[in-house]
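Below is one structure, written out as structure tokens; comments come after it.
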Amino acid sequence: MGDSGINAPIATNAMVCLAVGLSGGWKCPVGYIFTNKVNGEIMFTFIRRVLDTLLSKNFRIHGIVSDGYSANVNMFGLFGVREPKNSGRKNTIAQVSDIQCSFSYGDQVDPMYCIYDVVHMLKLLRNMLADYKNLEFDGGVICWSFIHELYKLQSDEHIRAANKLSRNHIEFDKHKMKVKLAAQVFSASVASAIEFCDKDLKLPQFKGSQKTVMFIKMIDQMFDILNSKNPNQKYFKSPLNRRNVIAKTSYLNECSEKMLSLKYKGNFVCLGQRKRAIVGLVTSIKSITAISMQLLNRVISPFDYILTYRFSQDLLELLFNKIRGKLGRNNNPNVIEFQNIMKQIWHQNLLKSNSTGNAIVRVKEGEIPGGLLPLQRKKKTRLPIINFEVSSDIDTFVYSAFHMNCLCYIAGNIVRDIRVKLDCSSCFDAIHESSIDALSSENRALIARKDNGGLVFPSGSVLKVVEVTDNVMKSVFTQTASPPSIKWLDLKIASAVMKRLISRDDIFLTLKDHINDYCAAQSESHLVTLLKLIIHKYLRIKLFDCGKFSHENISERHLRSKLTLFRNE
Amino acid sequence: MITSNADQHVLEASVKCQVVYGLSFVAAYIAIHEELKKLGNNKKQARQVPFLALEDKENKPEFLNMLPKRRKIDHCYSKSLSPTKFVQLESRVRKQKQKIDTLKRSVKTKNLSIATIVKKCESLNILDVDNDIYYQNITPIMSELVRAERMTERSDRRGFRYTEELKKFALGIHFDSPKAYRFLKEYLVLPHESTLSDWMSGADCSPGICLDLINRLGEHRENDSSNSLTDIVLQVDEMAIRKETPYDSAKHCLSGMWTTEWVILASMPLLLQMQWCALL
């Protein structure tokens, strides 16, 4: 974070970039930044930097995977990915070739491809079908109502025709994120159940469902091809290899042409508002097949097979799960916690092979022994000497009696804390209340009320120092409106406070003669050391507090989780 | 429960030999165990030859002694042993005696051979810890540990540094089980736990690209023979975090804002960006 003094907005999201090995079955996060519903430009610059550094190490990057949010689409647009646009003339069918999903970058010979997460697209497709109800497809109609009818039939009869349809699948609003629900709707079992009701039982409500069945089967098979996890699977779930790649590619191309021809109320879906599902799927298909063709047929060390699961964003989501699980009960890390978690993950070496690896040769567990980061002692940075002046035109704040009492209480705590560090008896006496340096009676009320015998009454001078510190801190905060992201914040405030305190001659009167005693180690007089201790202690307390205080709002997450847990009470 | 002196010598010598030939202690331990097992199978012979006293009466739990002993009751008061049985028994005794002799002889030869090997080793200085041959014959981690051990024997211990390999080894054990690490630390020369955390916190993981990490991956990619690290795909996504501005006492500032560096970078024109990145 630079010392630019820019008051950047507060981050709500962390954008993580993950490198996934296409063979060997490994993954490793390579970088992250804090943003706020990222815009395409920041993402673009970040990814470009990642690409540059990875390419300089001779990695071969074949694609960039992301989900289909508008920021990501913008980012791909900046890379040079083109999508079919409505050219004004209606009803011109978009071709697969209209989508340009590859771009070249840097000095890498192979082109890079943009890939949208297939799983995500499946969810979008499901949402679209449920919203639009009817889609024109291949001269027929696809109806969401058939799936609904099947569910109704099953729930009336209290038995299911060998599929997973449940209420959650139909009313999926509350579970929009669940992949399972979308994948189980577009499944072969649902398709065959509908077909069975129509063809064999000849139920009237399933009349004319051929195209729907066809569509569901098509999506199911397409998803199987694009999500192959295990090299031993058969048929559609088998990995892409040299024998089947051509057949599968042609099948996928056929599918994507059919998808592009989907119409809603006479208009092509892929040119309309909700084009993302269709365009995303087609783009992914095109990219994945192109990458696999290239990897399987290249001259130097060609792949034996390709598991398409490696192109899905699941791996990144699993990493997020891991991050959220690191803090025990707290599954919502803040910025510092996030940073520490990433450090932990890198040290612990996530470069492990899992069962869904993509090759015969796996990266062995701990192939890179130890962590991935170098082990060195922390470099000790010398604290800079800072000259910082707060504009003096801001009047000192006048505090209410309540505020003063609270400050006095904090001052008492500070005294209790720092007195163990002092080895000079006159300093020790000076920070405790005495007859020479007494607190005014109205300021000591809170401590007196709260005291059970263990609390400490600070001397009047300590309270004055604390008051000045609070004053300066407040004026710094009002100058910059929001909490400032200034580097060396506490040191700067401390130096400003010291400047103000020098001119005052009503503090620590008992130590006036003591000023000549030097602390040998720090070459400072005892008085200065004492003041610094008090100021830094107060700032530490206050700054930790204000980090939380400035955005204090009642947590909705807490409310909701409690409502769920105690619903019946 | 080894009783005879000679056997102890055998075991000691065999341990030495195992170490000398580069096997780990575990292997030696297993080898000895197997030897003991073999001896256990020849229980009878073992008892006749004072090789191993496998039953230790004193160590028997007391309740065993308190149980009523089973008496052998001889029912044949008047009958004498049949002649055939007598002959059988006699032949058995003869056979056993022969076995004893052969075993005794084998022990003798084994003792001799071990003695010669030890002598040879001593003549070659292999057992000398100061000799380089010693380190060549054991695994790298073991040699590091022995070196560290030797260092503690010196009066002047300044200037000792743990090597990168030992650091990673220590960290690996500590990650797998801190308890085991604490146990091992009593017997081996290993860095203190707080030193480990010191090393860990030294790494720079602030937002942005982790260059150290990419360097290490790249290094490994070059050494990788199976070529499984080269072809990759990048995945990008966002994850919601807590909206908060916590005070970072290490950096002396309030954190939790956008990573400004990238905001500034994104707002620059492309050419400037390139130059700026080159500077980094």
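Here's how to read the names in the structure tokens: chain A, B, ... by the order shown, residue numbers from 1 in each chain, ligand numbers from 1 in the order shown.
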
Requested in this report: Select residues of chain B: the criterion is any atom within 7 Å of an atom of chain A, counting only C-alpha atoms; output as a ChimeraX atom specification.
Outcome: /B:168-169,171-172,198-203,205-210,212-214,216,218,226,228-247,251-263,266

**Report entry** Those in stretch 85-249 of chain B with strand (DSSP E) from DSSP, as a ChimeraX atom specification
**Finding:** /B:208-209,231-240,247-248

Report task. Looking only at alpha helix (DSSP H) from DSSP on the backbone, list the matching residues of stretch 158-264 of chain B as an NGL selection string. Result -> :B and (164-176 or 178-185 or 193-201 or 211-223 or 260-264)

Query - Two-atom distance - atom CA of A:Asn267, atom CA of A:Pro84 (Å) - result: 14.1 Å

Requested in this report: Find the spatial neighbours of A:Thr283, counting only C-alpha atoms, within a cut-off of 9 Å - ignore same-chain residues fewer than 2 positions away - and output them as a VMD selection string.
Outcome: chain A and resid 83 96 99 to 101 114 to 116 256 278 to 281 285 to 288

Requested in this report: Excluding A:Arg243 and residues on its chain fewer than 3 positions from it, collect all residues at most 12 Å away from it, counting only C-alpha atoms, and give them as a PyMOL selection string.
Outcome: chain A and resi 238-240+246-249+293+296-297+304-306
